[in-house]
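These notes concern the structure reproduced below.
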Amino acid sequence: MTILVTGGAGFIGSNFIFHMLGKYPEYRVICLDKLTYAGNLSTLAPVMENPNFRFVKLDICDREGVYQLFEEEHPDVVVNFAAESHVDRSIENPEVFLQTNILGTQVLMDACRKYGITRYHQVSTDEVYGDLPLDRPDLLFTEETPIHTSSPYSASKAAADLLVMAYHRTYGLPVTISRCSNNYGPYHFPEKLIPLMIANALADKPLPVYGEGLNVRDWLYVEDHCKAIDLIIHKGRAGEVYNIGGHNEMRNIDIVKLICKALGKPESLITYVTDRKGHDMRYAIDPTKIHTELGWLPETMFADGIQKTIQWYLDNKTWWQTIISGEYQDYYEKMYANR
Ligand code: NAD
Ligand code: TYD
């Protein structure tokens, strides 16, 4: 079995590669990644010498390059993590989101049609469902919830999902889609809430909470997401969407306070800043389908997962300090100065 993992030098893709190479020593795993600002080759250092692993620097929008790679490797399964993934960046500059997230997905699926695969899996997000009100805790996203996007990021992911389903219906491509809630864990890029707050708190810098910090996200430990995708590509039904989430809703402000406490830092570092435009209020996943059909359940409880994550950032300072010392400084200045 040969699995092509796109975007494997990013947060979730790298964790997925570690999971697959660890669990299936007989599988060959090819990682295709453009190495944008969010991709880090150093993340893949632990598997670079593995004879069953190959890294290829490539843009998923590069049709010729993608076809060439399919000719060389003939992957059985493609798992597409490659994407522009940060909502705030999509608000500043939507274009690259449309290119990579939509057109890149099309190129990959065209290659799958041309060379043949047993499964194309699209890693999507709960953000395609839009948001839920804070005062209706009974409402959760199911696979039947209508697509209703808020940001250029979520709109691009939703467009890709529709295209994936169109390729299934029109060409019979054996596809699956997973829509997961917010992930956290090792190798999470420091522009996102949890690693950003850990890095800033460790440097005694202000902790920029958007609006009043009351927005709710449904947090899942990244390893649990990887295990869910592993199940879907092996046992999931073609043409189906699977929601993934762990019933773990938390307000942003409570996460930030928890990080302060765990690191022994004062809550006075918390600074309320101008809210994100179009900010989604609440995400909450109903994972009944993947539980009943595939037997998936989250294994890491938030209290344990967040401690493990904080410890990982304490133990791997070189990884994230190298990232935030580069062009990230300009990004941070642009997004947060005078906010
Ligand atoms: P990430 O930003 O950490 O990593 C994205 C990776 O894709 C990077 O390695 C980057 O170099 C690569 N990439 C970007 N454009 C590319 C291109 N044109 N060609 C090839 N490679 C390219 O993102 P992540 O958080 O690991 O998210 C992975 C996937 O999971 C995305 O599709 C995202 O929409 C989805 N997702 C993320 C979350 C989350 O909480 N992070 C939740 C649900 C779904
Ligand atoms: P983020 O990690 O960007 O994920 P997403 O927008 O995909 O859910 O943000 C998580 C939540 O944290 C979201 O409600 C926005 C908020 N947030 C802040 O309050 N401050 C920050 O500096 C960042 C990056 C996010």
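Just remember, in the structure tokens the first chain shown is A, the second B, etc., residues are 1-based per chain, and ligands are 1-based in the order shown.
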
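Using only C-alpha atoms, the protein and nucleic acid residues lying no more than 12 Å from A:Gln321, apart from those fewer than 4 places from it along its own chain, are Tyr187, Phe189, Pro190, Pro195, Leu196, Ile198, Ala199, Asn200, Leu202, Ala203, Tyr313, Leu314, Asp315, Asn316, Lys317, Ser325, Gly326, Glu327, Tyr328 and Gln329 of chain A.
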
### Task
Find the residues near ligand 1. Use a cut-off of 6 Å, count only C-alpha atoms and all ligand atoms, and write them as a PyMOL selection string.
chain A and resi 7-13+33-36+38-39+58-61+81-85+100+123-125+180-183+189

Each residue of chain A with at least one atom at most 9 Å from ligand 2 should appear once, together with its nearest atom pair and the corresponding distance in Å (one decimal); atoms considered: only C-alpha atoms and all ligand atoms; ordering: chain, then increasing residue number; output as CSV.
residue,atom,partner,partner_atom_place_in_ligand_line,distance
A:Ser85,CA,ligand 2,7 (O),7.6
A:His86,CA,ligand 2,3 (O),6.0
A:Val87,CA,ligand 2,6 (O),5.4
A:Asp88,CA,ligand 2,3 (O),6.8
A:Thr125,CA,ligand 2,7 (O),8.8
A:Glu127,CA,ligand 2,7 (O),7.4
A:Tyr153,CA,ligand 2,7 (O),8.8
A:Ser154,CA,ligand 2,7 (O),8.8
A:Ser181,CA,ligand 2,8 (O),8.3
A:Asn182,CA,ligand 2,8 (O),6.1
A:Asn183,CA,ligand 2,4 (O),8.7
A:Tyr184,CA,ligand 2,2 (O),8.8
A:Pro190,CA,ligand 2,24 (C),8.3
A:Glu191,CA,ligand 2,24 (C),5.6
A:Lys192,CA,ligand 2,2 (O),3.7
A:Leu193,CA,ligand 2,2 (O),3.8
A:Ile194,CA,ligand 2,2 (O),6.5
A:Pro195,CA,ligand 2,2 (O),8.4
A:Leu196,CA,ligand 2,22 (O),6.6
A:Met197,CA,ligand 2,22 (O),7.3
A:Leu207,CA,ligand 2,22 (O),7.2
A:Pro208,CA,ligand 2,22 (O),5.1
A:Val209,CA,ligand 2,19 (O),3.6
A:Tyr210,CA,ligand 2,19 (O),3.8
A:Gly211,CA,ligand 2,19 (O),7.1
A:Glu212,CA,ligand 2,19 (O),8.3
A:Gly213,CA,ligand 2,19 (O),5.9
A:Leu214,CA,ligand 2,14 (O),8.1
A:Asn215,CA,ligand 2,14 (O),5.2
A:Val216,CA,ligand 2,14 (O),6.6
A:Arg217,CA,ligand 2,8 (O),6.3
A:Asp218,CA,ligand 2,8 (O),8.8
A:Arg251,CA,ligand 2,14 (O),8.2
A:Asn252,CA,ligand 2,12 (O),5.6
A:Ile253,CA,ligand 2,19 (O),7.7
A:Val256,CA,ligand 2,19 (O),8.7
A:Tyr272,CA,ligand 2,19 (O),8.1
A:Val273,CA,ligand 2,19 (O),8.1
A:Asp275,CA,ligand 2,19 (O),7.8
A:Arg276,CA,ligand 2,15 (C),7.1
A:His279,CA,ligand 2,14 (O),6.8
A:Asp280,CA,ligand 2,14 (O),6.8
A:Met281,CA,ligand 2,14 (O),7.1
A:Arg282,CA,ligand 2,14 (O),8.1
A:Tyr283,CA,ligand 2,8 (O),8.2
A:Met335,CA,ligand 2,22 (O),8.9
A:Tyr336,CA,ligand 2,22 (O),8.0

### Message
I need the residues of stretch 201-327 of chain A that end up classed as strand (DSSP E or B) by DSSP on the backbone, written out as a ChimeraX atom specification.
### Response
/A:207-210,216-218,220-221,240-244,249-251,270-273,282,285

Residue selection dump (C-alpha atoms) as a PDB file, in the first residue's frame:
ATOM      1  CA  LEU A 207      -1.871  37.532  25.180  1.00  0.00           C
ATOM      2  CA  PRO A 208      -4.137  38.985  22.447  1.00  0.00           C
ATOM      3  CA  VAL A 209      -7.698  37.712  22.947  1.00  0.00           C
ATOM      4  CA  TYR A 210     -10.105  38.713  20.152  1.00  0.00           C
ATOM      5  CA  VAL A 216     -16.305  28.596  21.621  1.00  0.00           C
ATOM      6  CA  ARG A 217     -14.237  25.964  19.800  1.00  0.00           C
ATOM      7  CA  ASP A 218     -14.539  22.155  20.084  1.00  0.00           C
ATOM      8  CA  LEU A 220      -9.549  17.665  19.702  1.00  0.00           C
ATOM      9  CA  TYR A 221      -6.066  16.249  20.339  1.00  0.00           C
ATOM     10  CA  GLU A 240     -19.502   9.743   2.581  1.00  0.00           C
ATOM     11  CA  VAL A 241     -18.744  12.681   4.855  1.00  0.00           C
ATOM     12  CA  TYR A 242     -17.614  11.976   8.447  1.00  0.00           C
ATOM     13  CA  ASN A 243     -17.655  14.615  11.189  1.00  0.00           C
ATOM     14  CA  ILE A 244     -14.868  14.308  13.775  1.00  0.00           C
ATOM     15  CA  GLU A 249     -16.320  22.849  23.833  1.00  0.00           C
ATOM     16  CA  MET A 250     -14.195  25.555  25.430  1.00  0.00           C
ATOM     17  CA  ARG A 251     -14.334  29.363  25.441  1.00  0.00           C
ATOM     18  CA  ILE A 270      -4.299  38.941  28.789  1.00  0.00           C
ATOM     19  CA  THR A 271      -5.080  41.846  26.437  1.00  0.00           C
ATOM     20  CA  TYR A 272      -8.441  42.146  24.725  1.00  0.00           C
ATOM     21  CA  VAL A 273      -7.978  43.265  21.118  1.00  0.00           C
ATOM     22  CA  ARG A 282     -19.313  28.599  18.284  1.00  0.00           C
ATOM     23  CA  ILE A 285     -19.473  18.599  16.315  1.00  0.00           C
TER      24      ILE A 285
END

Would you write out, as CSV, a table of all residues in stretch 126-182 of chain A that have an atom no more than 12 Å from an atom of stretch 290-306 of chain A, listing for each the closest atom pair and the distance in Å to one decimal, considering only C-alpha atoms and ordering rows by chain and rising residue number?
residue,atom,partner,partner_atom,distance
A:Thr142,CA,A:Ile290,CA,10.8
A:Glu143,CA,A:Ile290,CA,10.3
A:Ile177,CA,A:Ile290,CA,11.7
A:Ser178,CA,A:Ile290,CA,9.6
A:Arg179,CA,A:Ile290,CA,10.8
A:Cys180,CA,A:Ile290,CA,11.2

### Query
Can you list, as a PyMOL selection string, every protein, DNA or RNA residue that comes within 7 Å of A:Val128 when you count only C-alpha atoms, leaving out same-chain residues fewer than 4 positions away?
chain A and resi 147-149+154-155+157-158
